[in-house]
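One structure below.
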Amino acid sequence: MERLFTFLLSGQNAESHLSVIAIAILTSALAIFFLSRQSLQSRESVLAFGATVTLAELGTFFDTFWSTHSSLWGTSPEPATVLSGLVIWASATGAGWLYRCHRRTIKSVILAGSVLAFGMTFSAFYILCAAVEPGVLAYDLWVVLFVLVLSATLCGFAFWELGSQAASRPRLVATALLALALTLLPLGCMGSVLPFDQWLTLVQQPDSALFSPLAVLCLSGFTALILLFCLASLLDIRVAIAQRQESDRMRHLADGTFEGLLICRNETILDANNRIQEMLGLDLPQLQEKRLSDLFQDTGSKQDHVFSVGDQLRVGNPEQRELLGPNGRRIPVEVLSRELPYVDGEATIVAVRDVTERKAAEEHIRYLALHDSLTSLPNRRALESVLGQILEKSHGDDGPQAAILGLDLDGFKAVNDTLGHHAGDLLLREVAERFQSQLRDSDYIARIGGDEFVIVLRGVTSPADAQQLAQRLLASLWQPFKLGGHDAYVGVSIGIAICPRDGHSAQMLLKCADIAMYQAKLAGKGQVCEFQRGMDVAVRERHDLELELRAAISRHELMLYYQPLFGRDGKIIGFEALARWPHPHRGMIPPDRFIPLAEESGLIVPLGEWVLRTACSVAVNWPSDLSIAVNLSPTQFQRVDLVGTVRDILHETGLAPSRLELEVTENLLMEDVPRALALVKDLRALGVRVALDDFGTGYSSLAYLHDFPFDKVKVDRSFINKITNDANAWTIVESIIVMSHKLKLRVTAEGIETGAQLELLTDHDCDEMQGFLLGRPMPEEEASRLAEVVRQDCDAAD
């Protein structure tokens with residue numbers, strides 16, 4: 001080793017060392033350039049690398065050899081030089097082939113470096129041995145082995161660095177390492193040779209060939225290579241174990257994710273985690289046999305690949321795809337991809353997220369947004385969408401027609417109130433099923449709220465088709481509904497609008513059907529009405545009248561009229577309070593026009609309380625033997641606080657309860673008989689009298705007379721009008737009078753308009769009489785004056 005350092009640091013060889021370094025750097029840069037060029041074919045680049053290294057090694061060797069032994073300048077032993085060049089070229093191309101064709105490991109790069117270093121060392125000593133023949137070359141073997149091992153290591157690191165993924169640094173480092181090896185080998189070999197007087201000998205032993213320098217060099221070099229190879233193998237094993245552990249850790253981490261992961265290069269699948277294998281029903285070898293585009297449903301895209309791995313995906317925007325699962329099942333997925341370093345170059349990692357549950361949840365949310373949760377029928381939003389599609393197909397009046405049927409149940413509120421909301425829900429479901437059973441597959445039914453339904457009848461040739469369906473729908477509700485052990489009956493009122501005749505928008509068609517349905521209800525419920533021009537005017541007028549009625553009640557613009565009630569002796573015994581509406585522009589509006597409107601809108605509650613309070617306030621100033629009668633509406637009668645309201649008004653006004661008479665109708669009692677009976681009894685307990693109005697027009701009049709503690713019965717005017725010219729009508733009225741007296745009930749005949757009617761009723765002991773013949777409804781001032789006359793007559797009689 002001392003000899004080697006002395007040679008390297010010798011001043012007389014400095015110029016030679018510099019020229020060797022220059023040659024090594026230049027040729028190393030050229031060799032590395034050839035080996036690293038991807039554009040060249042692998043064979044061409046390896047051959048060029050081998051030739052460059054050969055020239056470099058021969059150049060650096062002869063530069064060192066001739067400068068050390070100047071007496072031999074310009075000479076080279078033949079054919080040793082040619083054979084050495086071939087050995088160097090063979091070892092260089094072999095090393096290049098190992099670098100280009102094998103997976104880069106510690107063992108492969110050390111092997112490539114050792115082959116290159118051994119070839120160059122052997123060639124150097126082979127030329128030296130040829131130069132000294134027939135003498136025997138004497139050299140320091142330990143120095144040679146040191147140079148050989150160091151050079152092999154430098155060449156190995158050069159190959160390792162050249163295979164790095166960095167852009168420019170590996171070429172520079174690899175060039176420096178290879179240049180250092182090309183410099184060290186000739187200088188080290190020349191420095192290991194002993195002085196000239198020690199190795200130029202003419203004596204050669206017969207068996208000295210077995211121990212020639214080249215044989216010893218080959219054996220020693222081979223031993224050194226074996227040791228290097230074993231060391232590299234151990235390092236490779238340790239690295240492989242570490243990489244396997246890291247790979248297992250990363251695979252477990254990848255397998256633990258909810259997304260499927262694919263690692264691909266172009267369309268080739270390199271690796272995949274367990275999740276994507278489960279989604280596809282394929283194992284890893286089967287996956288690696290497929291192309292990436294084979295895993296996804298073709299979307300008809302014109303792209304070359306199934307994925308766009310451009311900027312949109314790289315910034316994290318997912319792409320919607322369908323994955324082809326087992327048995328051809330399509331799995332909705334979201335796909336993201338990005339580039340990342342992988343083994344032997346760049347690769348694309350594709351993340352596949354199964355969004356089946358999310359899609360199902362979105363579909364369920366969309367279903368809930370477009371369907372009624374109770375009946376599972378489409379709702380108004382879905383209906384308007386369907387109507388929009390129908391309108392698009394019907395351009396003008398010549399397009400295909402469709403009919404829109406608006407349906408509203410009759411009597412549903414009574415079922416809901418008497419049997420409970422649960423029974424009402426069951427009823428709506430069964431009604432929906434009965435309606436659906438009458439429809440064709442092309443027809444469409446929706447529930448738009450409460451007890452309202454809409455049916456769209458497609459392909460209508462004439463309005464008669466809609467009329468026929470409407471009649472079938474009416475008939476479908478004739479059978480009773482079984483609701484928790486109870487039979488329930490409901491009907492339906494139907495309005496029909498024709499598309500596009502009656503409207504060119506979904507809202508307009510629904511409005512027309514609703515207007516026609518409203519007219520069907522006004523006609524007596526359970527009816528079918530087709531929309532006609534002008535109906536909307538009547539509805540608009542009714543709506544305006546409702547708004548005006550609401551304002552009139554709040555401003556106290558209504559007034560009470562009082563119709564006198566007479567006894568058999570012709571004397572006034574009381575008055576009946578009747579509401580009147582003196583409209584500032586429409587004139588006097590009769591009760592039969594605004595009272596039903598107040599009933600439907602709920603205004604009857606404040607109106608009824610105002611009538612009761614005002615009538616009691618006026619009657620308290622009349623003679624104590626005059627009573628005041630007030631009609632109760634069904635809405636008032638159903639209020640829980642009716643008894644409390646009557647009690648409070650009597651207390652406020654100071655009217656004696658016995659002077660107040662409340663009139664109820666049979667229809668009012670029918671909706672909830674037990675509750676109505678309790679209310680009548682509570683009112684009687686206050687001292688208030690209760691009369692049954694319009695007797696004879698209901699369904700169970702005799703039962704009501706038996707069950708309810710009424711004070712009086714009022715015979716409906718429809719019978720009184722006929723008693724003088726219809727024997728049957730008189731028989732009924734006479735029977736009512738006799739029966740009522742047997743039950744100790746007073747009888748009032750209303751609607752008397754002729755003297756014959758009055759005489760007939762008086763002769764048969766009718767208790768009370770009322771009608772235009774006796775006295776018309778009058779304002780408060782006239783009624784008060786008439787009451788004052790009654791007071792004066794009473795005082796005179798006393």
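Residues are named by chain letter and number: chains run A, B, ... in the order of the structure tokens, numbers start at 1 in each chain, and ligands are numbered from 1 in the order shown.
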
Write out as a VMD selection string the set of residues from stretch 527-691 of chain A that DSSP, computed on the backbone, places in strand (DSSP E or B). chain A and resid 528 to 530 559 to 567 572 to 583 587 to 589 627 to 631 660 to 665 689 to 691

Non-local contacts of A:Arg689 (7 Å; only C-alpha atoms; under 2 positions in same chain excluded) as a PDB file with N, CA and C atoms, in the first residue's frame:
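Once everything was written out, this is result06.pdb:
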```
ATOM      1  N   SER A 658    -133.208  31.826  30.256  1.00  0.00           N
ATOM      2  CA  SER A 658    -134.488  31.287  29.779  1.00  0.00           C
ATOM      3  C   SER A 658    -135.027  32.049  28.586  1.00  0.00           C
ATOM      4  N   LEU A 660    -133.138  32.999  26.043  1.00  0.00           N
ATOM      5  CA  LEU A 660    -132.310  32.685  24.863  1.00  0.00           C
ATOM      6  C   LEU A 660    -132.675  31.311  24.330  1.00  0.00           C
ATOM      7  N   GLU A 661    -132.901  31.249  23.030  1.00  0.00           N
ATOM      8  CA  GLU A 661    -133.232  30.006  22.355  1.00  0.00           C
ATOM      9  C   GLU A 661    -132.237  29.774  21.215  1.00  0.00           C
ATOM     10  N   LEU A 662    -131.534  28.656  21.288  1.00  0.00           N
ATOM     11  CA  LEU A 662    -130.536  28.303  20.274  1.00  0.00           C
ATOM     12  C   LEU A 662    -131.111  27.247  19.347  1.00  0.00           C
ATOM     13  N   ARG A 684    -128.751  23.084  28.042  1.00  0.00           N
ATOM     14  CA  ARG A 684    -129.984  23.052  28.846  1.00  0.00           C
ATOM     15  C   ARG A 684    -129.690  23.280  30.315  1.00  0.00           C
ATOM     16  N   GLY A 687    -129.825  26.711  31.427  1.00  0.00           N
ATOM     17  CA  GLY A 687    -131.138  27.346  31.401  1.00  0.00           C
ATOM     18  C   GLY A 687    -131.543  27.824  30.036  1.00  0.00           C
ATOM     19  N   ALA A 691    -133.833  24.419  20.324  1.00  0.00           N
ATOM     20  CA  ALA A 691    -134.872  24.035  19.368  1.00  0.00           C
ATOM     21  C   ALA A 691    -134.244  23.274  18.208  1.00  0.00           C
ATOM     22  N   ASP A 711    -136.476  21.595  23.470  1.00  0.00           N
ATOM     23  CA  ASP A 711    -137.616  22.340  23.995  1.00  0.00           C
ATOM     24  C   ASP A 711    -138.671  22.585  22.926  1.00  0.00           C
TER      25      ASP A 711
END
```

Option closest in space to A:Glu78, from A:Leu47, A:Ala676, A:Ile127, A:Asp625 [counting only C-alpha atoms]: A:Ile127

DSSP on the backbone: which residues in stretch 317-436 of chain A end up as alpha helix (DSSP H)? Give the answer as number ranges by chain. A: 356-370, 380-393, 412-419, 421-436

Neighbour list for stretch 537-542 of chain A as a ChimeraX atom specification, cut-off 9 Å, only C-alpha atoms, skip fewer than 2 positions in-chain: /A:515,518-519,533-535,544-547,597

Just-selected residues, all heavy atoms written as a JSON list (two decimals), in the first residue's frame:
```json
[["chain", "number", "residue", "atom", "x", "y", "z"],
["A", 515, "ILE", "N", -111.24, 24.44, -9.92],
["A", 515, "ILE", "CA", -112.46, 25.24, -10.03],
["A", 515, "ILE", "C", -113.66, 24.36, -10.38],
["A", 515, "ILE", "O", -114.75, 24.47, -9.81],
["A", 515, "ILE", "CB", -112.27, 26.35, -11.09],
["A", 515, "ILE", "CG1", -111.28, 27.40, -10.58],
["A", 515, "ILE", "CG2", -113.60, 27.01, -11.43],
["A", 515, "ILE", "CD1", -110.89, 28.42, -11.62],
["A", 518, "TYR", "N", -114.68, 22.37, -7.41],
["A", 518, "TYR", "CA", -115.40, 23.20, -6.46],
["A", 518, "TYR", "C", -116.87, 23.37, -6.89],
["A", 518, "TYR", "O", -117.78, 23.33, -6.06],
["A", 518, "TYR", "CB", -114.72, 24.56, -6.35],
["A", 518, "TYR", "CG", -115.34, 25.49, -5.35],
["A", 518, "TYR", "CD1", -115.19, 25.29, -3.99],
["A", 518, "TYR", "CD2", -116.09, 26.58, -5.78],
["A", 518, "TYR", "CE1", -115.76, 26.15, -3.08],
["A", 518, "TYR", "CE2", -116.67, 27.45, -4.88],
["A", 518, "TYR", "CZ", -116.51, 27.23, -3.52],
["A", 518, "TYR", "OH", -117.09, 28.07, -2.62],
["A", 519, "GLN", "N", -117.08, 23.53, -8.19],
["A", 519, "GLN", "CA", -118.44, 23.62, -8.68],
["A", 519, "GLN", "C", -119.20, 22.32, -8.46],
["A", 519, "GLN", "O", -120.41, 22.32, -8.19],
["A", 519, "GLN", "CB", -118.42, 23.97, -10.18],
["A", 519, "GLN", "CG", -117.88, 25.36, -10.49],
["A", 519, "GLN", "CD", -118.76, 26.46, -9.92],
["A", 519, "GLN", "OE1", -119.98, 26.32, -9.84],
["A", 519, "GLN", "NE2", -118.13, 27.55, -9.51],
["A", 533, "ARG", "N", -115.77, 27.75, -19.65],
["A", 533, "ARG", "CA", -115.36, 29.14, -19.64],
["A", 533, "ARG", "C", -116.33, 29.95, -18.78],
["A", 533, "ARG", "O", -117.54, 29.83, -18.91],
["A", 533, "ARG", "CB", -115.35, 29.71, -21.06],
["A", 533, "ARG", "CG", -114.37, 29.04, -22.00],
["A", 533, "ARG", "CD", -112.93, 29.24, -21.55],
["A", 533, "ARG", "NE", -111.98, 28.56, -22.43],
["A", 533, "ARG", "CZ", -110.68, 28.53, -22.22],
["A", 533, "ARG", "NH1", -110.19, 29.11, -21.15],
["A", 533, "ARG", "NH2", -109.88, 27.90, -23.06],
["A", 534, "GLY", "N", -115.81, 30.78, -17.94],
["A", 534, "GLY", "CA", -116.62, 31.61, -17.06],
["A", 534, "GLY", "C", -116.65, 31.12, -15.63],
["A", 534, "GLY", "O", -117.00, 31.88, -14.71],
["A", 535, "MET", "N", -116.30, 29.82, -15.43],
["A", 535, "MET", "CA", -116.27, 29.32, -14.06],
["A", 535, "MET", "C", -115.25, 30.05, -13.21],
["A", 535, "MET", "O", -115.47, 30.29, -12.02],
["A", 535, "MET", "CB", -115.95, 27.81, -14.05],
["A", 535, "MET", "CG", -117.11, 26.92, -14.40],
["A", 535, "MET", "SD", -116.67, 25.18, -14.22],
["A", 535, "MET", "CE", -118.21, 24.38, -14.68],
["A", 544, "ASP", "N", -113.34, 37.14, -4.02],
["A", 544, "ASP", "CA", -113.39, 38.55, -3.66],
["A", 544, "ASP", "C", -114.44, 38.80, -2.59],
["A", 544, "ASP", "O", -114.22, 39.60, -1.66],
["A", 544, "ASP", "CB", -113.71, 39.39, -4.90],
["A", 544, "ASP", "CG", -112.59, 39.32, -5.94],
["A", 544, "ASP", "OD1", -111.47, 38.94, -5.56],
["A", 544, "ASP", "OD2", -112.85, 39.64, -7.12],
["A", 545, "LEU", "N", -115.57, 38.11, -2.70],
["A", 545, "LEU", "CA", -116.63, 38.27, -1.71],
["A", 545, "LEU", "C", -116.17, 37.79, -0.33],
["A", 545, "LEU", "O", -116.51, 38.39, 0.69],
["A", 545, "LEU", "CB", -117.88, 37.51, -2.16],
["A", 545, "LEU", "CG", -119.17, 37.80, -1.38],
["A", 545, "LEU", "CD1", -119.57, 39.26, -1.55],
["A", 545, "LEU", "CD2", -120.29, 36.88, -1.84],
["A", 546, "GLU", "N", -115.38, 36.72, -0.31],
["A", 546, "GLU", "CA", -114.86, 36.23, 0.98],
["A", 546, "GLU", "C", -113.94, 37.26, 1.61],
["A", 546, "GLU", "O", -114.01, 37.50, 2.83],
["A", 546, "GLU", "CB", -114.11, 34.91, 0.76],
["A", 546, "GLU", "CG", -113.50, 34.36, 2.03],
["A", 546, "GLU", "CD", -112.65, 33.12, 1.76],
["A", 546, "GLU", "OE1", -112.88, 32.44, 0.75],
["A", 546, "GLU", "OE2", -111.74, 32.85, 2.59],
["A", 547, "LEU", "N", -113.07, 37.87, 0.80],
["A", 547, "LEU", "CA", -112.18, 38.90, 1.34],
["A", 547, "LEU", "C", -112.98, 40.09, 1.86],
["A", 547, "LEU", "O", -112.67, 40.65, 2.93],
["A", 547, "LEU", "CB", -111.20, 39.37, 0.25],
["A", 547, "LEU", "CG", -110.20, 38.32, -0.26],
["A", 547, "LEU", "CD1", -109.32, 38.93, -1.34],
["A", 547, "LEU", "CD2", -109.34, 37.79, 0.88],
["A", 597, "LEU", "N", -120.57, 30.88, 2.56],
["A", 597, "LEU", "CA", -119.19, 31.31, 2.36],
["A", 597, "LEU", "C", -118.46, 31.43, 3.69],
["A", 597, "LEU", "O", -117.28, 31.06, 3.82],
["A", 597, "LEU", "CB", -119.18, 32.64, 1.62],
["A", 597, "LEU", "CG", -117.82, 33.17, 1.17],
["A", 597, "LEU", "CD1", -117.16, 32.20, 0.21],
["A", 597, "LEU", "CD2", -117.97, 34.54, 0.50]]
```

Work out how far apart atom CA of A:Thr153 and atom CA of A:Gly59 are and give it in Å to one decimal.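 Between atom CA of A:Thr153 and atom CA of A:Gly59 the gap works out to 21.7 Å.
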
For A:Asp441, list every protein, DNA or RNA residue within 12 Å, evaluated using only C-alpha atoms, and leave out those in the same chain fewer than 6 positions away; present the list as a JSON list (two decimals) with all heavy atoms, in the first residue's frame.
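result-v2.json, written as the output of this step:
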```
[["chain", "number", "residue", "atom", "x", "y", "z"],
["A", 456, "VAL", "N", -104.13, 12.25, -14.10],
["A", 456, "VAL", "CA", -103.84, 12.69, -15.46],
["A", 456, "VAL", "C", -104.17, 11.54, -16.39],
["A", 456, "VAL", "O", -103.57, 10.47, -16.31],
["A", 456, "VAL", "CB", -102.37, 13.12, -15.63],
["A", 456, "VAL", "CG1", -102.11, 13.56, -17.06],
["A", 456, "VAL", "CG2", -102.03, 14.25, -14.66],
["A", 457, "LEU", "N", -105.13, 11.76, -17.26],
["A", 457, "LEU", "CA", -105.58, 10.74, -18.21],
["A", 457, "LEU", "C", -104.96, 11.06, -19.57],
["A", 457, "LEU", "O", -105.35, 12.03, -20.23],
["A", 457, "LEU", "CB", -107.12, 10.75, -18.28],
["A", 457, "LEU", "CG", -107.79, 9.63, -19.07],
["A", 457, "LEU", "CD1", -107.49, 8.28, -18.46],
["A", 457, "LEU", "CD2", -109.29, 9.87, -19.13],
["A", 458, "ARG", "N", -104.01, 10.24, -19.99],
["A", 458, "ARG", "CA", -103.33, 10.47, -21.26],
["A", 458, "ARG", "C", -104.15, 9.88, -22.43],
["A", 458, "ARG", "O", -104.93, 8.97, -22.24],
["A", 458, "ARG", "CB", -101.94, 9.85, -21.25],
["A", 458, "ARG", "CG", -100.96, 10.50, -20.27],
["A", 458, "ARG", "CD", -99.59, 9.88, -20.46],
["A", 458, "ARG", "NE", -98.56, 10.53, -19.69],
["A", 458, "ARG", "CZ", -98.14, 10.11, -18.49],
["A", 458, "ARG", "NH1", -98.68, 9.03, -17.95],
["A", 458, "ARG", "NH2", -97.17, 10.74, -17.85],
["A", 459, "GLY", "N", -103.88, 10.43, -23.60],
["A", 459, "GLY", "CA", -104.50, 9.88, -24.81],
["A", 459, "GLY", "C", -105.99, 10.02, -24.83],
["A", 459, "GLY", "O", -106.71, 9.07, -25.20]]
```
